[in-house]
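Trainee: This is the content of protein.tsv (TSV, C-alpha atoms):
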chain	number	residue	atom	x	y	z
A	1080	MET	CA	162.26	94.97	121.47
A	1081	ARG	CA	159.89	97.26	119.64
A	1082	LYS	CA	162.10	97.23	116.53
A	1083	LYS	CA	162.27	93.44	116.68
A	1084	THR	CA	158.48	93.24	116.74
A	1085	GLN	CA	158.29	95.52	113.72
A	1086	TRP	CA	160.66	93.26	111.81
A	1087	TYR	CA	158.62	90.18	112.68
A	1088	LEU	CA	155.50	92.04	111.61
A	1089	LEU	CA	157.14	92.93	108.30
A	1090	LEU	CA	158.22	89.34	107.83
A	1091	GLY	CA	154.67	88.15	108.51
A	1092	VAL	CA	153.19	90.61	106.03
A	1093	THR	CA	155.75	89.64	103.37
A	1094	LEU	CA	155.06	85.95	103.83
A	1095	SER	CA	151.31	86.60	103.63
A	1096	VAL	CA	151.75	88.53	100.38
A	1097	CYS	CA	153.85	85.70	98.95
A	1098	PHE	CA	151.21	83.19	100.02
A	1099	ILE	CA	148.48	85.24	98.32
A	1100	ILE	CA	150.59	85.44	95.13
A	1101	ASN	CA	150.97	81.67	95.29
A	1102	LEU	CA	147.26	81.16	95.79
A	1103	ALA	CA	146.51	83.50	92.90
A	1104	CYS	CA	148.67	81.34	90.63
A	1105	VAL	CA	146.70	78.24	91.62
A	1106	GLN	CA	143.35	79.92	91.11
A	1107	ALA	CA	144.42	81.23	87.73
A	1108	TYR	CA	145.29	77.71	86.74
A	1109	LEU	CA	141.97	76.42	87.95
A	1110	ILE	CA	139.96	79.09	86.24
A	1111	ASN	CA	141.82	79.55	82.98
A	1112	THR	CA	143.00	76.12	82.03
A	1113	VAL	CA	141.74	72.59	82.31
A	1114	VAL	CA	139.63	72.74	85.41
A	1115	TRP	CA	138.56	69.12	85.56
A	1116	TRP	CA	141.87	67.65	86.56
A	1117	GLU	CA	141.10	69.26	89.87
A	1118	PRO	CA	138.64	69.08	91.47
A	1119	ALA	CA	138.09	65.56	90.24
A	1120	GLN	CA	134.87	64.79	88.38
A	1121	ARG	CA	134.67	68.23	86.86
A	1122	ASN	CA	133.85	68.10	83.22
A	1123	PRO	CA	134.84	70.34	80.32
A	1124	ASN	CA	132.80	73.49	79.97
A	1125	LYS	CA	134.65	74.96	77.00
A	1126	TYR	CA	134.14	73.54	73.57
A	1127	TYR	CA	135.75	73.83	70.18
A	1128	VAL	CA	133.78	73.19	67.02
A	1129	ILE	CA	135.30	71.34	64.09
A	1130	SER	CA	131.86	71.03	62.54
A	1131	GLN	CA	128.37	70.99	64.03
A	1132	TRP	CA	124.67	71.01	63.36
A	1133	SER	CA	123.37	74.55	63.67
A	1134	GLU	CA	121.14	73.34	66.53
A	1135	PHE	CA	124.14	72.63	68.76
A	1136	GLY	CA	124.49	76.29	69.80
A	1137	SER	CA	120.80	76.39	70.62
A	1138	ALA	CA	121.12	73.26	72.77
A	1139	VAL	CA	124.03	74.90	74.65
A	1140	THR	CA	121.83	77.95	75.29
A	1141	ASP	CA	119.01	75.73	76.59
A	1142	TRP	CA	121.36	74.06	79.07
A	1143	ASN	CA	122.94	77.37	80.10
A	1144	ASN	CA	119.49	78.83	80.72
A	1145	LYS	CA	118.83	76.06	83.24
A	1146	ASN	CA	121.52	77.60	85.48
A	1147	THR	CA	122.76	74.27	86.76
A	1148	HIS	CA	125.51	74.07	89.36
A	1149	PHE	CA	127.83	73.05	86.54
A	1150	GLY	CA	127.84	76.58	85.18
A	1151	SER	CA	127.75	77.87	81.64
A	1152	VAL	CA	129.26	76.18	78.65
A	1153	SER	CA	131.04	78.42	76.19
A	1154	LYS	CA	132.59	78.18	72.74
A	1155	ARG	CA	136.32	78.74	72.15
A	1156	SER	CA	138.10	79.58	68.92
A	1157	SER	CA	141.14	77.41	69.63
A	1158	PRO	CA	141.18	73.70	70.41
A	1159	ASP	CA	144.04	74.39	72.85
A	1160	ASP	CA	141.62	76.17	75.15
A	1161	ALA	CA	138.78	73.69	74.80
A	1162	PRO	CA	138.79	70.23	76.31
A	1163	LEU	CA	135.52	69.39	74.54
A	1164	THR	CA	135.44	69.00	70.76
A	1165	VAL	CA	132.30	68.90	68.62
A	1166	VAL	CA	132.26	67.28	65.21
A	1167	ARG	CA	129.89	65.95	62.55
A	1168	TYR	CA	130.54	62.67	60.80
A	1169	SER	CA	128.59	60.16	58.77
A	1170	SER	CA	128.32	56.44	59.47
A	1171	SER	CA	125.70	53.88	58.55
A	1172	THR	CA	127.66	51.27	60.51
A	1173	ASP	CA	127.68	52.33	64.16
A	1174	GLY	CA	123.89	52.49	64.70
A	1175	SER	CA	123.91	55.74	66.69
A	1176	CYS	CA	122.62	59.30	66.11
A	1177	GLY	CA	125.41	60.70	68.24
A	1178	TRP	CA	128.21	59.87	70.64
A	1179	TRP	CA	129.91	61.38	73.64
A	1180	LEU	CA	133.45	60.10	74.17
A	1181	CYS	CA	135.78	60.86	77.03
A	1182	TYR	CA	139.31	60.02	78.05
A	1183	GLY	CA	140.26	59.76	81.68
A	1184	GLN	CA	140.36	57.62	84.75
A	1185	THR	CA	138.04	57.23	87.70
A	1186	GLY	CA	137.48	60.63	89.24
A	1187	ALA	CA	139.29	62.65	86.60
A	1188	LEU	CA	138.37	63.32	83.02
A	1189	ALA	CA	140.93	64.77	80.66
A	1190	PHE	CA	139.09	65.61	77.44
A	1191	ALA	CA	135.94	64.71	75.57
A	1192	GLU	CA	134.23	64.79	72.20
A	1193	ILE	CA	130.69	65.00	70.89
A	1194	LYS	CA	130.04	63.33	67.54
A	1195	LEU	CA	126.87	64.01	65.55
A	1196	ASN	CA	125.99	61.43	62.93
A	1197	ASP	CA	124.84	62.99	59.64
A	1198	TRP	CA	123.68	59.63	58.31
A	1199	TYR	CA	120.55	59.83	60.47
A	1200	LEU	CA	119.61	63.18	59.00
A	1201	THR	CA	118.07	61.22	56.15
A	1202	HIS	CA	117.84	57.64	57.43
A	1203	GLY	CA	116.46	55.76	60.38
A	1204	ASP	CA	113.52	53.99	61.98
A	1205	ALA	CA	110.36	56.14	61.79
A	1206	SER	CA	108.96	54.43	64.91
A	1207	LEU	CA	111.82	56.04	66.86
A	1208	GLY	CA	111.19	59.48	65.37
A	1209	LEU	CA	113.96	59.18	62.80
A	1210	PRO	CA	115.30	60.52	60.51
A	1211	LEU	CA	116.47	63.74	62.19
A	1212	ASP	CA	114.67	65.86	59.61
A	1213	THR	CA	113.58	68.75	61.85
A	1214	SER	CA	115.47	71.29	63.89
A	1215	ASN	CA	114.02	70.05	67.20
A	1216	LYS	CA	115.01	66.44	66.51
A	1217	ARG	CA	118.61	67.46	65.86
A	1218	LYS	CA	118.54	69.65	68.96
A	1219	SER	CA	117.35	66.66	70.98
A	1220	VAL	CA	120.48	64.71	70.06
A	1221	CYS	CA	122.73	67.72	70.82
A	1222	ALA	CA	121.08	68.29	74.22
A	1223	HIS	CA	121.46	64.59	75.04
A	1224	GLU	CA	125.18	64.54	74.24
A	1225	LEU	CA	125.73	67.71	76.24
A	1226	GLY	CA	123.99	66.00	79.16
A	1227	HIS	CA	126.72	63.34	79.12
A	1228	ASN	CA	129.21	66.15	79.25
A	1229	PHE	CA	127.58	67.21	82.54
A	1230	MET	CA	128.21	63.73	83.93
A	1231	LEU	CA	124.74	62.35	83.23
A	1232	HIS	CA	124.15	58.74	82.31
A	1233	HIS	CA	121.23	57.33	80.39
A	1234	VAL	CA	117.92	56.93	82.18
A	1235	GLY	CA	115.22	54.43	81.37
A	1236	SER	CA	111.54	54.65	80.69
A	1237	PRO	CA	109.25	56.12	82.03
A	1238	THR	CA	111.43	59.02	83.19
A	1239	VAL	CA	110.79	62.12	81.09
A	1240	ALA	CA	114.32	63.23	80.31
A	1241	VAL	CA	116.54	64.21	77.44
A	1242	MET	CA	118.93	61.59	78.82
A	1243	ARG	CA	116.76	58.73	77.70
A	1244	THR	CA	118.33	57.23	74.63
A	1245	THR	CA	116.52	57.64	71.35
A	1246	GLY	CA	116.06	53.89	71.49
A	1247	SER	CA	114.49	53.67	74.92
A	1248	GLY	CA	111.63	55.88	73.89
A	1249	ARG	CA	112.99	59.42	73.93
A	1250	LEU	CA	111.10	60.36	70.84
A	1251	VAL	CA	113.38	63.01	69.46
A	1252	ALA	CA	110.37	64.86	68.12
A	1253	GLN	CA	108.92	65.22	71.64
A	1254	ILE	CA	111.81	65.95	74.03
A	1255	TRP	CA	114.55	68.28	72.84
A	1256	THR	CA	115.34	70.40	75.89
A	1257	PRO	CA	116.73	69.48	79.33
A	1258	GLN	CA	113.92	68.36	81.64
A	1259	THR	CA	113.58	68.63	85.42
A	1260	ASP	CA	115.10	65.18	85.92
A	1261	ASP	CA	118.12	66.15	83.81
A	1262	VAL	CA	118.70	69.39	85.73
A	1263	ASN	CA	118.30	67.61	89.07
A	1264	GLY	CA	120.84	65.04	87.90
A	1265	VAL	CA	123.44	67.66	87.00
A	1266	ASN	CA	122.94	69.49	90.28
A	1267	ALA	CA	123.22	66.25	92.23
A	1268	ASN	CA	126.45	65.34	90.44
A	1269	THR	CA	128.03	68.74	90.78
A	1270	HIS	CA	129.62	69.42	94.12
A	1271	TRP	CA	131.38	72.68	93.46
B	416	MET	CA	170.89	91.99	113.87
B	417	LYS	CA	169.17	94.37	111.49
B	418	ARG	CA	171.34	93.19	108.60
B	419	ASN	CA	170.65	89.51	109.43
B	420	THR	CA	166.93	90.09	109.53
B	421	PHE	CA	167.10	91.91	106.19
B	422	PHE	CA	168.93	89.01	104.57
B	423	ILE	CA	166.46	86.49	106.04
B	424	LEU	CA	163.62	88.58	104.67
B	425	VAL	CA	165.22	88.79	101.23
B	426	GLY	CA	165.82	85.03	101.33
B	427	VAL	CA	162.20	84.35	102.21
B	428	VAL	CA	160.98	86.60	99.38
B	429	ILE	CA	163.29	84.94	96.82
B	430	PHE	CA	162.25	81.48	98.03
B	431	SER	CA	158.57	82.37	97.81
B	432	VAL	CA	158.87	83.81	94.30
B	433	MET	CA	160.79	80.74	93.15
B	434	PHE	CA	158.25	78.45	94.79
B	435	SER	CA	155.40	80.31	93.05
B	436	TYR	CA	157.17	79.97	89.71
B	437	ILE	CA	157.98	76.27	90.15
B	438	TYR	CA	154.51	75.45	91.49
B	439	GLY	CA	152.94	77.37	88.63
B	440	SER	CA	155.06	75.42	86.14
B	441	ILE	CA	154.01	72.13	87.68
B	442	THR	CA	150.30	72.95	87.62
B	443	ASN	CA	150.63	74.30	84.10
B	444	ALA	CA	152.32	71.06	83.06
B	445	GLN	CA	149.44	69.13	84.60
B	446	SER	CA	146.94	71.18	82.65
B	447	LEU	CA	148.88	70.69	79.44
B	448	GLN	CA	149.05	66.97	80.05
B	449	GLY	CA	145.41	66.60	79.06
B	450	LEU	CA	145.74	68.39	75.75
B	451	GLU	CA	149.10	66.83	74.94
B	452	MET	CA	147.60	63.43	75.58
B	453	ARG	CA	144.71	64.34	73.30
B	454	LYS	CA	147.16	64.83	70.45
B	455	LEU	CA	149.00	61.58	71.20
B	456	ILE	CA	145.74	59.66	71.33
B	457	ALA	CA	144.31	61.37	68.22
B	458	THR	CA	147.42	60.48	66.23
B	459	MET	CA	147.65	57.05	67.95
B	460	THR	CA	151.27	57.70	68.91
B	461	TYR	CA	150.89	57.07	72.66
B	462	THR	CA	152.67	54.29	74.48
B	463	PRO	CA	150.91	51.81	76.81
B	464	GLU	CA	152.81	53.34	79.73
B	465	GLN	CA	151.42	56.80	78.98
B	466	VAL	CA	147.83	55.58	79.11
B	467	ALA	CA	148.16	53.10	81.99
B	468	GLY	CA	145.10	53.42	84.23
B	469	TYR	CA	143.20	55.47	81.66
B	470	ARG	CA	140.46	54.51	79.20
B	471	VAL	CA	138.17	55.94	76.59
B	472	ILE	CA	134.47	55.55	77.32
B	473	MET	CA	132.02	55.92	74.47
B	474	TYR	CA	128.35	56.72	75.11
B	475	PRO	CA	126.09	56.00	72.11
B	476	ASP	CA	122.73	57.65	71.55
B	477	ARG	CA	121.35	54.63	69.74
B	478	ALA	CA	119.19	54.92	66.68
B	479	GLU	CA	118.01	51.33	66.96
B	480	TYR	CA	115.59	49.89	69.45
B	481	ALA	CA	112.95	47.21	69.87
B	482	LEU	CA	110.23	46.63	72.42
B	483	SER	CA	110.61	42.86	72.69
B	484	ILE	CA	112.44	39.88	71.22
B	485	ASN	CA	109.50	39.56	68.86
B	486	ASP	CA	109.97	43.17	67.70
B	487	LEU	CA	113.75	42.66	67.49
B	488	THR	CA	113.20	39.68	65.21
B	489	GLY	CA	111.23	41.83	62.81
B	490	LYS	CA	113.94	44.50	62.67
B	491	ALA	CA	116.95	42.22	62.14
B	492	ASN	CA	117.97	41.15	58.60
B	493	LEU	CA	119.76	38.09	59.83
B	494	ILE	CA	119.61	36.04	63.04
B	495	VAL	CA	122.36	33.48	63.50
B	496	LYS	CA	123.85	31.19	66.10
B	497	GLY	CA	127.60	30.71	65.93
B	498	LYS	CA	131.03	31.05	67.47
B	499	ILE	CA	133.42	34.00	67.42
B	500	ILE	CA	136.60	32.55	65.93
B	501	GLU	CA	138.67	35.64	65.27
B	502	SER	CA	138.87	39.32	66.14
B	503	LYS	CA	140.87	42.20	64.80
B	504	VAL	CA	140.98	45.71	66.25
B	505	ILE	CA	141.15	48.46	63.66
B	506	GLY	CA	142.39	51.94	64.58
B	507	LYS	CA	142.28	54.91	62.24
B	508	PRO	CA	143.45	58.40	63.21
B	509	ILE	CA	141.23	61.20	61.88
B	510	ASN	CA	143.26	64.33	62.74
B	511	ASP	CA	145.29	65.54	65.73
B	512	ILE	CA	142.30	66.61	67.83
B	513	GLN	CA	139.60	63.98	67.53
B	514	PHE	CA	139.47	60.53	69.04
B	515	PRO	CA	140.61	57.99	66.46
B	516	ASP	CA	138.08	55.62	64.96
B	517	VAL	CA	138.61	52.37	66.87
B	518	TYR	CA	136.47	49.31	66.22
B	519	THR	CA	136.71	45.55	66.20
B	520	ILE	CA	135.90	43.21	63.33
B	521	PHE	CA	134.89	39.77	64.60
B	522	THR	CA	134.68	36.69	62.43
B	523	LEU	CA	131.64	34.59	63.27
B	524	GLN	CA	131.47	30.95	62.23
B	525	ILE	CA	127.81	30.27	61.58
B	526	GLU	CA	126.33	27.10	63.07
B	527	GLU	CA	122.67	27.82	62.38
B	528	THR	CA	120.73	30.51	60.55
B	529	ILE	CA	117.50	31.34	62.37
B	530	LYS	CA	116.31	34.16	60.10
B	531	GLY	CA	117.53	35.37	56.72
B	532	LYS	CA	119.97	33.92	54.24
B	533	VAL	CA	123.72	33.96	54.10
B	534	GLU	CA	125.96	32.31	51.51
B	535	SER	CA	129.19	32.09	53.46
B	536	LYS	CA	129.88	29.92	56.52
B	537	THR	CA	131.59	32.86	58.16
B	538	ILE	CA	130.54	36.50	58.36
B	539	GLN	CA	132.17	39.58	59.78
B	540	ILE	CA	130.66	41.57	62.63
B	541	TYR	CA	131.46	45.22	63.33
B	542	GLN	CA	131.52	46.38	66.94
B	543	PRO	CA	132.70	49.87	68.02
B	544	GLY	CA	135.61	49.95	70.48
B	545	GLY	CA	138.46	47.61	71.32
B	546	ASN	CA	141.89	47.71	72.89
B	547	TRP	CA	144.42	49.64	70.84
B	548	ASN	CA	148.02	49.70	72.05
B	549	GLY	CA	147.08	49.23	75.70
B	550	LEU	CA	144.19	51.71	75.75
B	551	ASP	CA	140.64	50.36	76.08
B	552	PHE	CA	137.98	52.06	74.00
B	553	ILE	CA	134.84	50.89	75.80
B	554	VAL	CA	131.25	51.33	74.69
B	555	TYR	CA	129.41	52.20	77.88
B	556	ASP	CA	126.53	49.75	77.46
B	557	ASP	CA	128.06	47.18	75.12
B	558	PRO	CA	130.95	45.03	76.38
B	559	SER	CA	133.28	43.75	73.71
B	560	MET	CA	132.71	40.24	72.36
B	561	LYS	CA	135.46	37.71	72.92
B	562	GLN	CA	137.02	34.96	70.89
B	563	ASN	CA	135.30	31.57	71.44
B	564	ASP	CA	132.07	33.23	72.60
B	565	ASP	CA	129.05	31.14	71.57
B	566	VAL	CA	126.47	33.70	70.52
B	567	ILE	CA	123.09	34.32	68.97
B	568	LEU	CA	123.12	37.63	67.11
B	569	PHE	CA	120.38	39.80	65.62
B	570	LEU	CA	122.13	41.50	62.73
B	571	ILE	CA	121.81	44.23	60.13
B	572	GLU	CA	123.91	44.05	56.98
B	573	VAL	CA	125.86	47.26	56.45
B	574	GLU	CA	128.14	46.08	53.64
B	575	PRO	CA	128.38	42.77	51.78
B	576	ASN	CA	129.35	40.17	54.40
B	577	LEU	CA	129.75	42.87	57.10
B	578	TYR	CA	127.07	43.19	59.79
B	579	HIS	CA	126.45	45.11	62.97
B	580	ILE	CA	124.37	43.94	65.92
B	581	TYR	CA	120.95	45.57	65.95
B	582	GLY	CA	120.62	47.83	69.00
B	583	GLY	CA	124.04	46.89	70.41
B	584	PRO	CA	123.53	44.80	73.58
B	585	LEU	CA	119.83	44.43	72.77
B	586	GLY	CA	120.49	42.07	69.88
B	587	ARG	CA	123.24	40.01	71.44
B	588	TYR	CA	122.78	36.75	73.31
B	589	ILE	CA	125.44	34.47	74.70
B	590	ILE	CA	125.29	30.74	75.32
B	591	GLN	CA	127.02	29.40	78.39
B	592	GLU	CA	126.70	25.75	79.45
B	593	ASN	CA	123.75	25.34	77.05
B	594	LYS	CA	121.91	28.26	78.65
B	595	VAL	CA	121.02	31.45	76.79
B	596	TYR	CA	121.43	34.89	78.34
B	597	ASN	CA	121.23	38.43	77.07
B	598	THR	CA	124.62	40.13	77.44
B	599	ALA	CA	123.18	42.48	80.05
B	600	GLU	CA	122.27	39.56	82.32
B	601	LEU	CA	125.92	38.51	82.59
B	602	ASP	CA	127.69	41.82	82.39
B	603	SER	CA	126.56	44.90	84.24
B	604	GLN	CA	128.08	46.97	81.44
B	605	GLY	CA	124.96	46.15	79.40
B	606	LYS	CA	123.00	48.57	81.54
B	607	ASP	CA	120.52	49.90	79.05
B	608	VAL	CA	118.81	46.61	78.21
B	609	PRO	CA	115.26	46.35	79.61
B	610	SER	CA	114.21	43.16	81.39
B	611	GLU	CA	111.94	42.21	78.44
B	612	PHE	CA	115.10	40.99	76.72
B	613	TYR	CA	116.31	38.83	79.61
B	614	THR	CA	116.08	35.09	78.96
B	615	HIS	CA	117.10	33.90	82.45
B	616	GLY	CA	119.28	31.07	81.19
B	617	CYS	CA	116.65	29.28	79.11
B	618	SER	CA	117.70	26.50	76.75
B	619	TYR	CA	118.50	27.25	73.12
B	620	GLU	CA	115.36	25.36	72.04
B	621	GLN	CA	113.23	27.48	74.36
B	622	PHE	CA	114.93	30.61	73.06
B	623	LYS	CA	114.09	29.72	69.46
B	624	LYS	CA	110.42	29.53	70.43
B	625	LEU	CA	110.62	33.23	71.40
B	626	ILE	CA	111.48	34.01	67.77
B	627	PRO	CA	108.35	33.98	65.61
Please rewrite the model in this file as structure tokens.
Mentor:
Amino acid sequence: MRKKTQWYLLLGVTLSVCFIINLACVQAYLINTVVWWEPAQRNPNKYYVISQWSEFGSAVTDWNNKNTHFGSVSKRSSPDDAPLTVVRYSSSTDGSCGWWLCYGQTGALAFAEIKLNDWYLTHGDASLGLPLDTSNKRKSVCAHELGHNFMLHHVGSPTVAVMRTTGSGRLVAQIWTPQTDDVNGVNANTHW
Amino acid sequence: MKRNTFFILVGVVIFSVMFSYIYGSITNAQSLQGLEMRKLIATMTYTPEQVAGYRVIMYPDRAEYALSINDLTGKANLIVKGKIIESKVIGKPINDIQFPDVYTIFTLQIEETIKGKVESKTIQIYQPGGNWNGLDFIVYDDPSMKQNDDVILFLIEVEPNLYHIYGGPLGRYIIQENKVYNTAELDSQGKDVPSEFYTHGCSYEQFKKLIP
């Protein structure tokens, strides 16, 4: 009877070890690969740079310093380890300083991209603070696009936020860092 | 009894290790799915089945804005009333990482020119996004125009005979049953348009009076 108990005990311990190994595999997947398949709504926090404005890194630091529930964003050297891509381009046709694009379905994003439009470095409506001829103006666009990456939408006037569009009165020369409303938004959206 | 228990134990261990390996492979495949799909989408080699239920959403940080219809009038090169008679989605891959450049070129048949001059009876309008091979590329605040839409557009010329709509949804009005509406009034996708641009279904004649 005693021996039988020992065997059952051994079986229990073995099964527990196997279960922990299994769990470790799952956690490794969640931590080291594309986290935002699961849990749903989680966004990419690793980015790969094809090309960028030098202010992009500074905008990342500003967001990271806000210590949102989303966590830190970090740069990767390989696109295979980075669901978010950052790139510069130039277009006089699309009417935007920058874009954030994502691919996915409701509740699950797969990958995303930030595009920074060089055309507005030297062009644009002065009444909106354009062109993007200073470091802070360019940083404002970078911080805004990163905000989308943290699941933030645009907000309207009179909210003081980097998530106002340049058009709706976010004068890029006046707001270039995440504001209280932006941080509150990220923390409200982030449930992990 | 001892030998049986030993074999059961060995069986359980083998099963658990195999389960760990298989489960790990499955989750790894799921994680790869995202990046593999990125390559298929970047190179535009996906099939409609592979992207069923998915979409690309594009958020613009617009560099164009106006405070009122009056202000919008001042910023547009050309204001026209007309009908969309044709559309063509263009898709251009850039590399195997980035989203491809997808946009739609609409042909507008001009019925009346409200501001500016245009030689041709038809002009081409550029709008980002469109449906390419079963995948919708959607601009968050700017629903795609449709063939046979009767529209009033506030335009900027970007190339000879090619225009884009100033401020996206801001500069785009639609006529339905002789009533004029801003796009945002009819489609909640036009979220970023302030109420100053709403026309509440006024007549076309009333709308023209808003344009100085």
Trainee: Figure out the distance between atom CA of B:Tyr469 and atom CA of A:Val1139, please, to one decimal in Å.
Mentor: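 Pair atom CA of A:Val1139 / atom CA of B:Tyr469 returns 28.2 Å.
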Trainee: May I ask which of the residues A:Gln1184, A:Pro1257, A:Trp1178, A:Asn1215 is the closest one to B:Tyr555, counting all atoms listed in the file?
Mentor: A:Trp1178
Trainee: Measuring atom to atom with all atoms listed in the file, identify which of B:Gly468, B:Gly616, B:Pro627, B:Gly426 is nearest to chain A.
Mentor: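 Smallest distance to chain A is found for B:Gly468.
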Trainee: Using only C-alpha atoms, which of the listed residues (B:Leu523, B:Val425, B:Met459, B:Leu601) sits closest to chain A?
Mentor: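 Counting only C-alpha atoms, the residue closest to chain A is B:Val425.
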Trainee: For each of A:His1233, A:His1148, A:Lys1125, A:Lys1154, take the minimum atom-to-atom distance to chain B, counting only C-alpha atoms, then give the residue where this is smallest.
Mentor: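 Counting only C-alpha atoms, the residue closest to chain B is A:His1233.
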Trainee: So the first atom is atom CA of A:Cys1221 and the second is atom CA of B:Ser610; what is the distance between them in Å, to one decimal place?
Mentor: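 We find that atom CA of A:Cys1221 and atom CA of B:Ser610 lie 28.1 Å from each other.
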Trainee: Contacts of stretch 478-482 of chain B at 12 Å or less, counting only C-alpha atoms, minus same-chain residues fewer than 4 places along, as a PyMOL selection string?
Mentor: (chain A and resi 1170-1178+1195-1196+1198-1200+1202-1211+1220+1236+1243-1251) or (chain B and resi 486-491+569-571+579-586+607-612)
Trainee: Write a file of the selected residues as a PDB file, in the frame of the given file, keeping C-alpha atoms.
Mentor:
ATOM      1  CA  SER A1170     128.320  56.440  59.470  1.00  0.00           C
ATOM      2  CA  SER A1171     125.700  53.880  58.550  1.00  0.00           C
ATOM      3  CA  THR A1172     127.660  51.270  60.510  1.00  0.00           C
ATOM      4  CA  ASP A1173     127.680  52.330  64.160  1.00  0.00           C
ATOM      5  CA  GLY A1174     123.890  52.490  64.700  1.00  0.00           C
ATOM      6  CA  SER A1175     123.910  55.740  66.690  1.00  0.00           C
ATOM      7  CA  CYS A1176     122.620  59.300  66.110  1.00  0.00           C
ATOM      8  CA  GLY A1177     125.410  60.700  68.240  1.00  0.00           C
ATOM      9  CA  TRP A1178     128.210  59.870  70.640  1.00  0.00           C
ATOM     10  CA  LEU A1195     126.870  64.010  65.550  1.00  0.00           C
ATOM     11  CA  ASN A1196     125.990  61.430  62.930  1.00  0.00           C
ATOM     12  CA  TRP A1198     123.680  59.630  58.310  1.00  0.00           C
ATOM     13  CA  TYR A1199     120.550  59.830  60.470  1.00  0.00           C
ATOM     14  CA  LEU A1200     119.610  63.180  59.000  1.00  0.00           C
ATOM     15  CA  HIS A1202     117.840  57.640  57.430  1.00  0.00           C
ATOM     16  CA  GLY A1203     116.460  55.760  60.380  1.00  0.00           C
ATOM     17  CA  ASP A1204     113.520  53.990  61.980  1.00  0.00           C
ATOM     18  CA  ALA A1205     110.360  56.140  61.790  1.00  0.00           C
ATOM     19  CA  SER A1206     108.960  54.430  64.910  1.00  0.00           C
ATOM     20  CA  LEU A1207     111.820  56.040  66.860  1.00  0.00           C
ATOM     21  CA  GLY A1208     111.190  59.480  65.370  1.00  0.00           C
ATOM     22  CA  LEU A1209     113.960  59.180  62.800  1.00  0.00           C
ATOM     23  CA  PRO A1210     115.300  60.520  60.510  1.00  0.00           C
ATOM     24  CA  LEU A1211     116.470  63.740  62.190  1.00  0.00           C
ATOM     25  CA  VAL A1220     120.480  64.710  70.060  1.00  0.00           C
ATOM     26  CA  SER A1236     111.540  54.650  80.690  1.00  0.00           C
ATOM     27  CA  ARG A1243     116.760  58.730  77.700  1.00  0.00           C
ATOM     28  CA  THR A1244     118.330  57.230  74.630  1.00  0.00           C
ATOM     29  CA  THR A1245     116.520  57.640  71.350  1.00  0.00           C
ATOM     30  CA  GLY A1246     116.060  53.890  71.490  1.00  0.00           C
ATOM     31  CA  SER A1247     114.490  53.670  74.920  1.00  0.00           C
ATOM     32  CA  GLY A1248     111.630  55.880  73.890  1.00  0.00           C
ATOM     33  CA  ARG A1249     112.990  59.420  73.930  1.00  0.00           C
ATOM     34  CA  LEU A1250     111.100  60.360  70.840  1.00  0.00           C
ATOM     35  CA  VAL A1251     113.380  63.010  69.460  1.00  0.00           C
TER      36      VAL A1251
ATOM     37  CA  ASP B 486     109.970  43.170  67.700  1.00  0.00           C
ATOM     38  CA  LEU B 487     113.750  42.660  67.490  1.00  0.00           C
ATOM     39  CA  THR B 488     113.200  39.680  65.210  1.00  0.00           C
ATOM     40  CA  GLY B 489     111.230  41.830  62.810  1.00  0.00           C
ATOM     41  CA  LYS B 490     113.940  44.500  62.670  1.00  0.00           C
ATOM     42  CA  ALA B 491     116.950  42.220  62.140  1.00  0.00           C
ATOM     43  CA  PHE B 569     120.380  39.800  65.620  1.00  0.00           C
ATOM     44  CA  LEU B 570     122.130  41.500  62.730  1.00  0.00           C
ATOM     45  CA  ILE B 571     121.810  44.230  60.130  1.00  0.00           C
ATOM     46  CA  HIS B 579     126.450  45.110  62.970  1.00  0.00           C
ATOM     47  CA  ILE B 580     124.370  43.940  65.920  1.00  0.00           C
ATOM     48  CA  TYR B 581     120.950  45.570  65.950  1.00  0.00           C
ATOM     49  CA  GLY B 582     120.620  47.830  69.000  1.00  0.00           C
ATOM     50  CA  GLY B 583     124.040  46.890  70.410  1.00  0.00           C
ATOM     51  CA  PRO B 584     123.530  44.800  73.580  1.00  0.00           C
ATOM     52  CA  LEU B 585     119.830  44.430  72.770  1.00  0.00           C
ATOM     53  CA  GLY B 586     120.490  42.070  69.880  1.00  0.00           C
ATOM     54  CA  ASP B 607     120.520  49.900  79.050  1.00  0.00           C
ATOM     55  CA  VAL B 608     118.810  46.610  78.210  1.00  0.00           C
ATOM     56  CA  PRO B 609     115.260  46.350  79.610  1.00  0.00           C
ATOM     57  CA  SER B 610     114.210  43.160  81.390  1.00  0.00           C
ATOM     58  CA  GLU B 611     111.940  42.210  78.440  1.00  0.00           C
ATOM     59  CA  PHE B 612     115.100  40.990  76.720  1.00  0.00           C
TER      60      PHE B 612
END
Trainee: Please indicate the distance in Å from atom CA of A:Asn1143 to atom CA of A:Gly1226, rounded to one decimal place.
Mentor: 11.5 Å
Trainee: Just checking: using all atoms listed in the file, which residue out of A:Asp1261, A:Met1230, A:Thr1164, A:Gln1131 ends up closest to A:Ala1187?
Mentor: A:Met1230
Trainee: Point out the residue among A:Thr1147, A:Ser1137, A:Thr1084, A:Ser1219 with the least atom-to-atom distance to A:Ala1240, counting all atoms listed in the file.
Mentor: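 Among A:Thr1147, A:Ser1137, A:Thr1084, A:Ser1219, it is A:Ser1219 that comes nearest to A:Ala1240.
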Trainee: Find the spatial neighbours of A:Gly1136, counting all atoms listed in the file, within a cut-off of 12 Å - ignore same-chain residues fewer than 4 positions away - and output them as a list in words.
Mentor: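 Close residues of A:Gly1136: Tyr1126, Tyr1127, Val1128, Ser1130, Gln1131, Trp1132, Thr1140, Asp1141, Trp1142, Asn1143, Val1152, Ser1153, Lys1154, Val1165, Ser1214, Arg1217, Lys1218, Cys1221, Ala1222 and Leu1225 of chain A.
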